[in-house]
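Trainee: The structure file query.cif (mmCIF, C-alpha atoms and all ligand atoms) is provided below.
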```
data_target
loop_
_atom_site.label_atom_id
_atom_site.label_comp_id
_atom_site.auth_asym_id
_atom_site.auth_seq_id
_atom_site.Cartn_x
_atom_site.Cartn_y
_atom_site.Cartn_z
CA MET Z 507 31.29 4.09 -56.46
CA ILE Z 508 31.33 2.85 -60.07
CA VAL Z 509 28.62 0.41 -61.19
CA LEU Z 510 28.68 -1.67 -64.37
CA GLY Z 511 25.08 -2.02 -65.64
CA ILE Z 512 23.99 -4.82 -67.98
CA GLU Z 513 20.61 -4.81 -69.74
CA THR Z 514 19.35 -7.59 -72.02
CA SER Z 515 15.62 -7.83 -71.19
CA CYS Z 516 14.27 -7.36 -74.72
CA ASP Z 517 15.86 -6.30 -78.01
CA GLU Z 518 18.72 -4.06 -76.88
CA THR Z 519 22.05 -5.46 -75.68
CA ALA Z 520 23.40 -2.74 -73.41
CA ALA Z 521 26.17 -2.13 -70.89
CA ALA Z 522 27.16 1.06 -69.10
CA LEU Z 523 29.52 2.36 -66.47
CA VAL Z 524 28.01 4.91 -64.10
CA GLU Z 525 29.73 6.73 -61.25
CA ASN Z 526 27.78 7.51 -58.08
CA GLY Z 527 24.46 6.78 -59.75
CA ARG Z 528 24.50 9.92 -61.92
CA ARG Z 529 27.69 10.33 -63.94
CA ILE Z 530 27.65 8.21 -67.09
CA LEU Z 531 31.22 7.21 -67.95
CA VAL Z 532 30.22 4.98 -70.88
CA SER Z 533 26.86 3.85 -72.25
CA ALA Z 534 26.91 1.26 -75.04
CA VAL Z 535 23.68 0.08 -76.67
CA SER Z 536 23.50 -2.43 -79.49
CA SER Z 537 20.01 -2.43 -80.99
CA GLN Z 538 18.49 -5.53 -82.59
CA ILE Z 539 15.79 -3.59 -84.46
CA PRO Z 540 17.19 -4.55 -87.91
CA LEU Z 541 16.90 -8.25 -86.96
CA HIS Z 542 13.25 -8.04 -85.84
CA LYS Z 543 11.95 -5.48 -88.34
CA LYS Z 544 10.75 -7.98 -90.92
CA TYR Z 545 8.60 -9.74 -88.27
CA SER Z 546 7.04 -6.41 -87.10
CA GLY Z 547 7.90 -7.34 -83.52
CA VAL Z 548 10.52 -8.95 -81.28
CA VAL Z 549 11.11 -12.69 -81.91
CA PRO Z 550 12.29 -14.06 -78.51
CA GLU Z 551 14.58 -16.78 -79.91
CA ILE Z 552 16.32 -14.37 -82.30
CA ALA Z 553 16.68 -11.87 -79.45
CA SER Z 554 18.36 -14.38 -77.10
CA ARG Z 555 20.83 -15.50 -79.77
CA ALA Z 556 21.73 -11.93 -80.69
CA HIS Z 557 22.35 -11.09 -77.00
CA VAL Z 558 24.75 -14.07 -76.80
CA ASN Z 559 26.61 -12.78 -79.86
CA TRP Z 560 26.87 -9.17 -78.72
CA VAL Z 561 26.98 -9.08 -74.94
CA ASN Z 562 30.74 -9.54 -74.52
CA GLU Z 563 31.58 -6.84 -77.04
CA VAL Z 564 29.18 -4.37 -75.43
CA VAL Z 565 30.46 -5.11 -71.90
CA GLU Z 566 34.08 -4.71 -73.06
CA LYS Z 567 33.18 -1.35 -74.57
CA ALA Z 568 31.61 -0.23 -71.30
CA LEU Z 569 34.44 -1.45 -69.08
CA GLY Z 570 37.16 0.49 -70.93
CA LYS Z 571 39.93 1.24 -68.47
CA ASP Z 572 37.78 1.71 -65.35
CA LYS Z 573 37.20 -1.07 -62.86
CA PRO Z 574 33.70 -1.16 -61.37
CA ASP Z 575 32.92 -1.63 -57.67
CA ALA Z 576 29.69 -3.54 -58.36
CA ILE Z 577 27.65 -5.04 -61.17
CA ALA Z 578 23.92 -4.46 -61.77
CA VAL Z 579 21.88 -6.61 -64.11
CA THR Z 580 18.23 -6.57 -65.22
CA ILE Z 581 16.49 -9.69 -63.88
CA GLY Z 582 12.98 -8.92 -65.18
CA PRO Z 583 10.39 -8.29 -66.35
CA GLY Z 584 11.35 -9.31 -69.87
CA LEU Z 585 12.01 -12.25 -72.18
CA VAL Z 586 13.40 -15.07 -70.07
CA GLY Z 587 15.99 -16.29 -72.62
CA SER Z 588 17.26 -12.74 -73.10
CA LEU Z 589 17.35 -12.02 -69.37
CA LEU Z 590 19.36 -15.18 -68.72
CA VAL Z 591 22.12 -14.01 -71.08
CA GLY Z 592 22.55 -10.82 -69.05
CA ARG Z 593 22.36 -12.58 -65.73
CA MET Z 594 24.93 -15.25 -66.66
CA THR Z 595 27.29 -12.57 -67.99
CA ALA Z 596 26.92 -10.55 -64.79
CA GLU Z 597 27.46 -13.56 -62.55
CA ALA Z 598 30.52 -14.75 -64.47
CA LEU Z 599 32.05 -11.26 -64.32
CA GLY Z 600 31.15 -10.92 -60.65
CA TRP Z 601 32.91 -14.18 -59.91
CA ALA Z 602 35.97 -13.34 -62.04
CA LEU Z 603 36.37 -9.82 -60.63
CA SER Z 604 35.14 -10.60 -57.08
CA LEU Z 605 32.35 -8.03 -57.31
CA PRO Z 606 28.84 -8.06 -55.85
CA VAL Z 607 26.02 -8.52 -58.39
CA HIS Z 608 22.68 -6.69 -57.94
CA GLY Z 609 19.50 -7.90 -59.63
CA ILE Z 610 17.44 -4.93 -60.83
CA ASN Z 611 13.81 -4.61 -61.92
CA HIS Z 612 13.67 -3.17 -65.46
CA ILE Z 613 10.69 -0.92 -64.64
CA GLU Z 614 12.52 0.61 -61.70
CA GLY Z 615 15.43 1.25 -64.07
CA HIS Z 616 13.10 3.17 -66.42
CA LEU Z 617 11.60 5.02 -63.47
CA LEU Z 618 14.99 6.17 -62.20
CA SER Z 619 16.47 7.02 -65.63
CA ALA Z 620 15.66 10.73 -65.20
CA ILE Z 621 18.02 10.87 -62.21
CA LEU Z 622 20.94 10.48 -64.59
CA GLU Z 623 20.29 13.98 -65.90
CA TYR Z 624 18.70 15.74 -62.91
CA PRO Z 625 21.17 15.75 -60.01
CA ASN Z 626 18.72 17.48 -57.65
CA LEU Z 627 15.87 15.01 -58.09
CA ARG Z 628 14.89 13.31 -54.82
CA PRO Z 629 11.87 11.30 -53.62
CA PRO Z 630 9.00 11.67 -52.94
CA PHE Z 631 7.75 11.66 -56.53
CA LEU Z 632 5.05 10.27 -58.76
CA GLY Z 633 6.37 8.04 -61.55
CA LEU Z 634 4.94 7.26 -64.96
CA VAL Z 635 6.63 4.38 -66.81
CA VAL Z 636 5.45 3.99 -70.40
CA SER Z 637 7.24 1.37 -72.45
CA GLY Z 638 6.55 -1.39 -74.95
CA GLY Z 639 5.52 -3.81 -72.22
CA HIS Z 640 4.37 -1.57 -69.35
CA THR Z 641 2.25 1.42 -68.50
CA GLU Z 642 2.37 2.09 -64.78
CA LEU Z 643 1.74 4.93 -62.37
CA LEU Z 644 4.02 4.57 -59.35
CA ILE Z 645 4.81 6.42 -56.16
CA ASN Z 646 8.28 6.61 -54.65
CA LYS Z 647 8.37 7.82 -51.07
CA THR Z 648 12.04 6.82 -50.77
CA TRP Z 649 14.55 5.49 -53.32
CA ASN Z 650 13.77 2.01 -52.20
CA GLN Z 651 10.03 2.10 -51.70
CA THR Z 652 8.06 1.93 -54.94
CA GLU Z 653 4.29 1.50 -54.76
CA LEU Z 654 1.93 0.82 -57.63
CA LEU Z 655 -0.96 3.20 -58.13
CA GLY Z 656 -2.28 1.92 -61.46
CA ARG Z 657 -1.27 -0.04 -64.53
CA THR Z 658 -2.62 -0.98 -67.92
CA ARG Z 659 -5.29 -3.67 -67.93
CA ASP Z 660 -4.46 -4.73 -71.49
CA ASP Z 661 -2.02 -3.21 -73.99
CA ALA Z 662 0.88 -1.07 -72.85
CA ALA Z 663 1.07 2.37 -74.48
CA GLY Z 664 4.12 1.37 -76.57
CA GLU Z 665 2.44 -1.86 -77.60
CA ALA Z 666 -0.54 0.16 -78.86
CA PHE Z 667 1.83 2.38 -80.89
CA ASP Z 668 3.53 -0.71 -82.35
CA LYS Z 669 0.27 -2.50 -83.18
CA VAL Z 670 -1.33 0.56 -84.77
CA ALA Z 671 1.80 1.08 -86.88
CA LYS Z 672 1.62 -2.57 -87.95
CA MET Z 673 -2.06 -2.20 -88.96
CA MET Z 674 -1.10 0.83 -91.04
CA ASN Z 675 1.98 -0.89 -92.55
CA LEU Z 676 4.29 1.76 -91.14
CA GLY Z 677 7.09 -0.55 -89.97
CA TYR Z 678 8.64 -1.45 -86.60
CA PRO Z 679 9.01 -0.06 -84.00
CA GLY Z 680 5.82 1.92 -84.44
CA GLY Z 681 6.30 4.66 -81.83
CA PRO Z 682 9.01 6.69 -83.59
CA VAL Z 683 7.25 6.45 -87.02
CA ILE Z 684 3.87 7.53 -85.63
CA ASP Z 685 5.59 10.34 -83.71
CA ARG Z 686 7.20 11.58 -86.96
CA LEU Z 687 4.10 11.30 -89.16
CA ALA Z 688 1.84 12.83 -86.50
CA LYS Z 689 3.89 16.06 -86.63
CA GLU Z 690 2.35 16.73 -90.07
CA GLY Z 691 -1.11 15.46 -89.19
CA ASP Z 692 -4.34 16.98 -87.84
CA ALA Z 693 -5.16 15.40 -84.47
CA THR Z 694 -8.83 16.39 -84.80
CA ALA Z 695 -9.35 14.72 -88.20
CA PHE Z 696 -10.46 11.36 -86.76
CA SER Z 697 -12.55 10.98 -83.66
CA MET Z 698 -10.83 8.62 -81.21
CA PRO Z 699 -12.04 7.56 -77.75
CA ARG Z 700 -10.31 8.65 -74.52
CA PRO Z 701 -10.10 5.50 -72.37
CA TRP Z 702 -10.28 7.35 -69.06
CA LEU Z 703 -11.48 4.40 -66.82
CA PRO Z 704 -13.21 6.43 -64.12
CA GLN Z 705 -12.41 5.91 -60.42
CA THR Z 706 -9.26 3.91 -60.97
CA TRP Z 707 -5.71 4.84 -61.82
CA ASP Z 708 -5.48 1.93 -64.26
CA PHE Z 709 -5.18 2.40 -68.03
CA SER Z 710 -6.57 0.59 -71.07
CA PHE Z 711 -5.43 1.05 -74.67
CA SER Z 712 -6.84 -1.95 -76.51
CA GLY Z 713 -10.19 -0.26 -77.33
CA LEU Z 714 -8.35 2.68 -78.85
CA LYS Z 715 -6.39 0.27 -81.03
CA THR Z 716 -9.69 -1.31 -82.15
CA SER Z 717 -11.00 2.15 -83.08
CA VAL Z 718 -8.03 2.58 -85.39
CA LEU Z 719 -8.73 -0.88 -86.85
CA TYR Z 720 -12.39 0.03 -87.57
CA THR Z 721 -11.33 3.35 -89.09
CA LEU Z 722 -8.98 1.50 -91.44
CA ARG Z 723 -11.68 -1.05 -92.31
CA ASP Z 724 -14.29 1.64 -93.05
CA ARG Z 725 -11.94 3.78 -95.15
CA ASN Z 726 -10.36 1.21 -97.42
CA LYS Z 727 -7.99 3.69 -99.06
CA LEU Z 728 -6.10 6.29 -97.05
CA SER Z 729 -4.01 9.03 -98.64
CA LEU Z 730 -0.65 9.88 -97.07
CA GLN Z 731 -2.27 12.92 -95.44
CA ASP Z 732 -5.08 10.70 -94.05
CA LYS Z 733 -2.42 8.43 -92.55
CA LYS Z 734 -0.67 11.39 -90.94
CA ASN Z 735 -4.03 12.58 -89.55
CA LEU Z 736 -4.83 9.13 -88.18
CA CYS Z 737 -1.40 8.91 -86.51
CA ALA Z 738 -1.93 12.34 -84.95
CA SER Z 739 -5.48 11.50 -83.78
CA PHE Z 740 -4.41 8.18 -82.24
CA GLN Z 741 -1.33 9.70 -80.59
CA GLU Z 742 -3.32 12.61 -79.15
CA SER Z 743 -5.72 10.18 -77.47
CA VAL Z 744 -2.86 8.22 -75.83
CA VAL Z 745 -1.18 11.46 -74.75
CA ASP Z 746 -4.45 12.96 -73.38
CA VAL Z 747 -5.03 9.94 -71.16
CA LEU Z 748 -1.43 9.62 -69.96
CA VAL Z 749 -1.11 13.32 -69.19
CA GLY Z 750 -4.64 13.62 -67.74
CA LYS Z 751 -4.28 10.69 -65.35
CA THR Z 752 -0.73 11.55 -64.31
CA PHE Z 753 -1.58 15.12 -63.33
CA ALA Z 754 -4.85 14.06 -61.66
CA ALA Z 755 -2.83 11.59 -59.55
CA ALA Z 756 -0.18 14.19 -58.70
CA ALA Z 757 -2.95 16.56 -57.55
CA ALA Z 758 -4.80 13.88 -55.56
CA LEU Z 759 -1.61 12.81 -53.81
CA GLY Z 760 -0.22 16.31 -53.36
CA LEU Z 761 3.03 15.41 -55.15
CA LYS Z 762 4.96 18.19 -56.90
CA ASN Z 763 7.54 16.07 -58.70
CA ILE Z 764 6.64 13.78 -61.61
CA VAL Z 765 9.24 11.42 -63.08
CA VAL Z 766 8.59 9.92 -66.52
CA GLY Z 767 10.50 7.07 -68.18
CA GLY Z 768 10.26 4.25 -70.74
CA GLY Z 769 10.43 4.22 -74.54
CA VAL Z 770 7.15 6.11 -75.06
CA ALA Z 771 8.57 8.95 -72.94
CA ALA Z 772 10.71 9.67 -76.03
CA ASN Z 773 7.50 10.74 -77.82
CA SER Z 774 7.77 14.41 -78.77
CA ARG Z 775 4.08 15.22 -78.29
CA LEU Z 776 3.96 13.51 -74.87
CA ARG Z 777 7.04 15.44 -73.74
CA GLU Z 778 5.62 18.74 -75.01
CA ARG Z 779 2.25 18.19 -73.28
CA LEU Z 780 3.83 17.02 -70.00
CA LEU Z 781 6.04 20.08 -69.79
CA ARG Z 782 3.22 22.49 -70.72
CA GLU Z 783 0.86 20.94 -68.18
CA ALA Z 784 3.55 21.09 -65.49
CA GLN Z 785 3.90 24.83 -66.08
CA LEU Z 786 0.14 25.38 -65.93
CA ARG Z 787 -0.32 23.32 -62.76
CA ASN Z 788 2.84 24.34 -60.93
CA LYS Z 789 4.35 20.85 -60.99
CA LYS Z 790 7.82 19.74 -62.07
CA VAL Z 791 8.30 17.03 -64.71
CA TYR Z 792 11.58 15.13 -64.92
CA VAL Z 793 12.05 13.12 -68.10
CA ALA Z 794 15.31 11.69 -69.41
CA SER Z 795 16.58 12.65 -72.86
CA PRO Z 796 15.14 10.32 -75.54
CA ALA Z 797 18.25 8.08 -75.73
CA PHE Z 798 17.85 7.25 -72.03
CA CYS Z 799 14.07 6.73 -72.24
CA THR Z 800 14.44 3.65 -74.44
CA ASP Z 801 16.26 0.57 -73.09
CA ASN Z 802 19.80 1.23 -71.86
CA ALA Z 803 22.09 -0.04 -69.11
CA ALA Z 804 22.94 3.30 -67.50
CA MET Z 805 19.47 3.34 -65.90
CA ILE Z 806 20.11 -0.14 -64.45
CA ALA Z 807 23.44 0.92 -62.92
CA CYS Z 808 21.79 4.08 -61.59
CA ALA Z 809 18.89 2.15 -60.00
CA ALA Z 810 21.33 -0.26 -58.34
CA TYR Z 811 23.32 2.61 -56.82
CA PHE Z 812 20.32 4.35 -55.27
CA LYS Z 813 18.64 1.14 -54.14
CA SER Z 814 21.77 -0.28 -52.53
CA ARG Z 815 22.47 3.04 -50.81
CA SER Z 816 19.07 2.86 -49.20
CA GLY Z 817 19.60 -0.70 -47.97
CA SER Z 818 17.98 -2.82 -50.71
CA LYS Z 819 18.66 -6.55 -50.58
CA SER Z 820 18.56 -6.77 -54.39
CA LYS Z 821 21.97 -8.41 -54.57
CA GLN Z 822 20.69 -11.52 -52.82
CA ASP Z 823 17.96 -12.12 -55.38
CA LEU Z 824 19.10 -12.87 -58.90
CA THR Z 825 16.07 -14.96 -59.88
CA VAL Z 826 15.15 -14.15 -63.47
CA ARG Z 827 11.44 -13.46 -63.94
CA ALA Z 828 9.47 -12.79 -67.14
CA VAL Z 829 6.71 -11.13 -65.11
CA PHE Z 830 7.26 -9.59 -61.71
CA PRO Z 831 4.71 -10.39 -59.04
CA PHE Z 832 3.41 -7.67 -56.72
CA PRO Z 833 5.55 -7.15 -54.60
CA PRO Z 834 8.03 -5.67 -55.47
CA TYR Z 835 5.25 -3.13 -55.76
CA LYS Z 836 2.49 -2.93 -53.21
CA LYS Z 837 -0.77 -2.00 -54.91
CA LYS Z 838 -1.97 1.20 -53.35
CA ILE Z 839 -5.71 1.44 -52.84
CA GLY Z 840 -7.81 4.42 -51.68
CA PRO Z 841 -8.34 6.94 -50.28
CA PHE Z 842 -6.91 8.41 -53.47
CA LEU Z 843 -9.64 7.34 -55.90
CA ALA Z 844 -9.33 8.79 -59.37
CA PRO Z 845 -12.02 11.31 -60.37
CA SER Z 846 -14.87 10.14 -62.59
CA SER Z 847 -13.92 12.33 -65.52
CA LEU Z 848 -11.03 14.42 -66.79
O1 LIG D 901 11.39 1.06 -72.98
P1 LIG D 901 11.53 0.45 -74.31
O2 LIG D 901 12.77 0.76 -75.12
O3 LIG D 901 11.43 -1.11 -74.24
C1 LIG D 901 10.55 -1.77 -73.36
O4 LIG D 901 10.88 -1.89 -72.17
O5 LIG D 901 9.45 -2.11 -73.85
O6 LIG D 901 10.23 0.88 -75.13
C2 LIG D 901 9.99 0.48 -76.44
C3 LIG D 901 8.68 1.07 -76.85
C4 LIG D 901 8.20 0.58 -78.22
O7 LIG D 901 6.87 0.17 -78.11
C5 LIG D 901 8.35 1.82 -79.10
O8 LIG D 901 7.42 1.87 -80.15
C6 LIG D 901 8.12 2.92 -78.10
O9 LIG D 901 8.77 2.49 -76.92
N1 LIG D 901 8.69 4.20 -78.53
C7 LIG D 901 7.94 5.29 -78.81
C8 LIG D 901 8.82 6.28 -79.28
N2 LIG D 901 10.10 5.77 -79.27
C9 LIG D 901 9.99 4.49 -78.81
N3 LIG D 901 6.60 5.49 -78.71
C10 LIG D 901 6.12 6.69 -79.08
N4 LIG D 901 6.90 7.68 -79.57
C11 LIG D 901 8.25 7.53 -79.68
N5 LIG D 901 9.01 8.53 -80.14
ZN ZN D 902 12.28 -1.01 -71.35
#
```
Output the structure of this file as structure tokens.
Ligand code: KG4
Ligand code: ZN
Mentor:
Amino acid sequence: MIVLGIETSCDETAAALVENGRRILVSAVSSQIPLHKKYSGVVPEIASRAHVNWVNEVVEKALGKDKPDAIAVTIGPGLVGSLLVGRMTAEALGWALSLPVHGINHIEGHLLSAILEYPNLRPPFLGLVVSGGHTELLINKTWNQTELLGRTRDDAAGEAFDKVAKMMNLGYPGGPVIDRLAKEGDATAFSMPRPWLPQTWDFSFSGLKTSVLYTLRDRNKLSLQDKKNLCASFQESVVDVLVGKTFAAAAALGLKNIVVGGGVAANSRLRERLLREAQLRNKKVYVASPAFCTDNAAMIACAAYFKSRSGSKSKQDLTVRAVFPFPPYKKKIGPFLAPSSL
């Protein structure tokens, strides 16, 4: 079965053709970063207009000579104007080609992105989705049953990277720049808090961001090396919390497999720490290659394949939503309370 995926939830216009949920035939991504760079963030109106300009070209590139059996489109969470462009494109194509159209949750796309590169990956698994808009710990007992264990109470991890980079005048998006500068920095140079939030699986990154703000205010001139050190110190704190909570949850729930997705999963230090910790604790971490961690349409096609195989009714619901209510995820409460300290 060949699925055409379409993704336009934020600032990437993407289309992909994926066979049987795992074999990527084509993946086309047109990034809008150059358009949003000067605003240090995504401007929704500019994003919607750019999707309108680029979506047909990207879909044509993905379609090539193969005819899909179904279409999958991101219906949220995301920017409503941007989502509508993808949905209208998918519906028009579905009508023209007489194909079913599946509405897919962007977060589930990120969660399942690792499947594209790990053919043997099967549920049950613990999922960590870390992107610009979301930081969530999830449990998948089956392909179709995703439950929420914890989520950020304020900033998402990627949002914290972007805002810290903005405070330091490092450009947009902040994650890749901080990742690069941190490689030459000393992570112990600045003392940063670890927002552990005892007894809950939720996260919080806004206090950490404020710590960086106070550091910048107190040290009015930073050398390049100071900046590298601050990037490394900030990044290490985010990574400590993400890795610490993820492995604590895997241990509490007795889950061996951990699946990680979302733009921040492209972070080199996070990847290194996840893999090292997995070795130490006899767990297995599945994380997509960096190009499939950030927004793409192959993950949307892949999610549609596995969800429809397990009987999801996603094709009946194409309602575009900026924020998804819960469900689709049931919040999981006790008896798996998080420990009080790392
Ligand atoms: O998943 P994604 O492409 O879009 C959303 O769904 O939000 O994630 C984008 C986020 C941005 O905040 C960006 O700064 C972050 O992912 N990101 C990174 C890295 N590459 C992208 N964060 C840390 N390190 C990276 N290497
Ligand atoms: Zn995303």
Trainee: Would you mind telling me which residue in Z:Leu722, Z:Leu605, Z:Leu599, Z:Leu585 lies nearest to ligand LIG 901 (chain D) when using all atoms listed in the file?
Mentor: Z:Leu585
Trainee: Throw together the list of residues within 9 Å of ligand LIG 901 (chain D), counting only C-alpha atoms and all ligand atoms, and drop it here as a ChimeraX atom specification.
Mentor: /Z:515-518,583-584,612-613,616,635-640,662-669,671,678-686,741,767-776,796,798-802
Trainee: Under the rule that all atoms listed in the file are counted, which of Z:Ala807, Z:Val564, Z:Glu513, Z:Glu690 is the nearest residue to ligand ZN 902 (chain D)?
Mentor: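 When distances to ligand ZN 902 (chain D) are compared using all atoms listed in the file, the smallest one comes from Z:Glu513.
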Trainee: Please check which residues have atoms at most 12 Å from (19.6, -16.7, -81.7) in the file's coordinates, counting only C-alpha atoms, and write them as a ChimeraX atom specification.
Mentor: /Z:517,538,541-542,548-560,587-588,591
Trainee: List as JSON lines every residue of segment 628-695 of chain Z that is in contact with segment 742-763 of chain Z, defined as an atom at most 12 Å from one of its atoms (using only C-alpha atoms), together with the nearest atom pair and the distance in Å rounded to one decimal, sorted by chain and then rising number.
Mentor:
```
{"residue": "Z:Arg628", "atom": "CA", "partner": "Z:Asn763", "partner_atom": "CA", "distance": 8.8}
{"residue": "Z:Pro629", "atom": "CA", "partner": "Z:Asn763", "partner_atom": "CA", "distance": 8.2}
{"residue": "Z:Pro630", "atom": "CA", "partner": "Z:Leu761", "partner_atom": "CA", "distance": 7.4}
{"residue": "Z:Phe631", "atom": "CA", "partner": "Z:Asn763", "partner_atom": "CA", "distance": 4.9}
{"residue": "Z:Leu632", "atom": "CA", "partner": "Z:Asn763", "partner_atom": "CA", "distance": 6.3}
{"residue": "Z:Gly633", "atom": "CA", "partner": "Z:Thr752", "partner_atom": "CA", "distance": 8.4}
{"residue": "Z:Leu634", "atom": "CA", "partner": "Z:Thr752", "partner_atom": "CA", "distance": 7.1}
{"residue": "Z:Val635", "atom": "CA", "partner": "Z:Leu748", "partner_atom": "CA", "distance": 10.1}
{"residue": "Z:Val636", "atom": "CA", "partner": "Z:Leu748", "partner_atom": "CA", "distance": 8.9}
{"residue": "Z:Thr641", "atom": "CA", "partner": "Z:Leu748", "partner_atom": "CA", "distance": 9.1}
{"residue": "Z:Glu642", "atom": "CA", "partner": "Z:Leu748", "partner_atom": "CA", "distance": 9.9}
{"residue": "Z:Leu643", "atom": "CA", "partner": "Z:Thr752", "partner_atom": "CA", "distance": 7.3}
{"residue": "Z:Leu644", "atom": "CA", "partner": "Z:Thr752", "partner_atom": "CA", "distance": 9.8}
{"residue": "Z:Ile645", "atom": "CA", "partner": "Z:Leu761", "partner_atom": "CA", "distance": 9.2}
{"residue": "Z:Asn646", "atom": "CA", "partner": "Z:Leu761", "partner_atom": "CA", "distance": 10.3}
{"residue": "Z:Lys647", "atom": "CA", "partner": "Z:Leu761", "partner_atom": "CA", "distance": 10.1}
{"residue": "Z:Leu654", "atom": "CA", "partner": "Z:Ala755", "partner_atom": "CA", "distance": 11.9}
{"residue": "Z:Leu655", "atom": "CA", "partner": "Z:Ala755", "partner_atom": "CA", "distance": 8.7}
{"residue": "Z:Gly656", "atom": "CA", "partner": "Z:Lys751", "partner_atom": "CA", "distance": 9.8}
{"residue": "Z:Arg657", "atom": "CA", "partner": "Z:Leu748", "partner_atom": "CA", "distance": 11.1}
{"residue": "Z:Thr658", "atom": "CA", "partner": "Z:Leu748", "partner_atom": "CA", "distance": 10.9}
{"residue": "Z:Asp661", "atom": "CA", "partner": "Z:Val744", "partner_atom": "CA", "distance": 11.6}
{"residue": "Z:Ala662", "atom": "CA", "partner": "Z:Val744", "partner_atom": "CA", "distance": 10.4}
{"residue": "Z:Ala663", "atom": "CA", "partner": "Z:Val744", "partner_atom": "CA", "distance": 7.2}
{"residue": "Z:Gly664", "atom": "CA", "partner": "Z:Val744", "partner_atom": "CA", "distance": 9.8}
{"residue": "Z:Glu665", "atom": "CA", "partner": "Z:Val744", "partner_atom": "CA", "distance": 11.5}
{"residue": "Z:Ala666", "atom": "CA", "partner": "Z:Val744", "partner_atom": "CA", "distance": 8.9}
{"residue": "Z:Phe667", "atom": "CA", "partner": "Z:Val744", "partner_atom": "CA", "distance": 9.0}
{"residue": "Z:Val670", "atom": "CA", "partner": "Z:Val744", "partner_atom": "CA", "distance": 11.9}
{"residue": "Z:Gly681", "atom": "CA", "partner": "Z:Val744", "partner_atom": "CA", "distance": 11.5}
{"residue": "Z:Ile684", "atom": "CA", "partner": "Z:Glu742", "partner_atom": "CA", "distance": 10.9}
{"residue": "Z:Asp685", "atom": "CA", "partner": "Z:Glu742", "partner_atom": "CA", "distance": 10.3}
{"residue": "Z:Ala688", "atom": "CA", "partner": "Z:Glu742", "partner_atom": "CA", "distance": 9.0}
{"residue": "Z:Lys689", "atom": "CA", "partner": "Z:Glu742", "partner_atom": "CA", "distance": 10.9}
{"residue": "Z:Gly691", "atom": "CA", "partner": "Z:Glu742", "partner_atom": "CA", "distance": 10.7}
{"residue": "Z:Asp692", "atom": "CA", "partner": "Z:Glu742", "partner_atom": "CA", "distance": 9.8}
{"residue": "Z:Ala693", "atom": "CA", "partner": "Z:Glu742", "partner_atom": "CA", "distance": 6.3}
{"residue": "Z:Thr694", "atom": "CA", "partner": "Z:Glu742", "partner_atom": "CA", "distance": 8.8}
{"residue": "Z:Ala695", "atom": "CA", "partner": "Z:Glu742", "partner_atom": "CA", "distance": 11.1}
```
Trainee: Near Leu523 of chain Z, within 9 Å and counting only C-alpha atoms, which residues show up once chain neighbours fewer than 2 positions away are dropped, as a PyMOL selection string?
Mentor: chain Z and resi 508-511+521+525+529-533+568-569+572+574+803-804+807
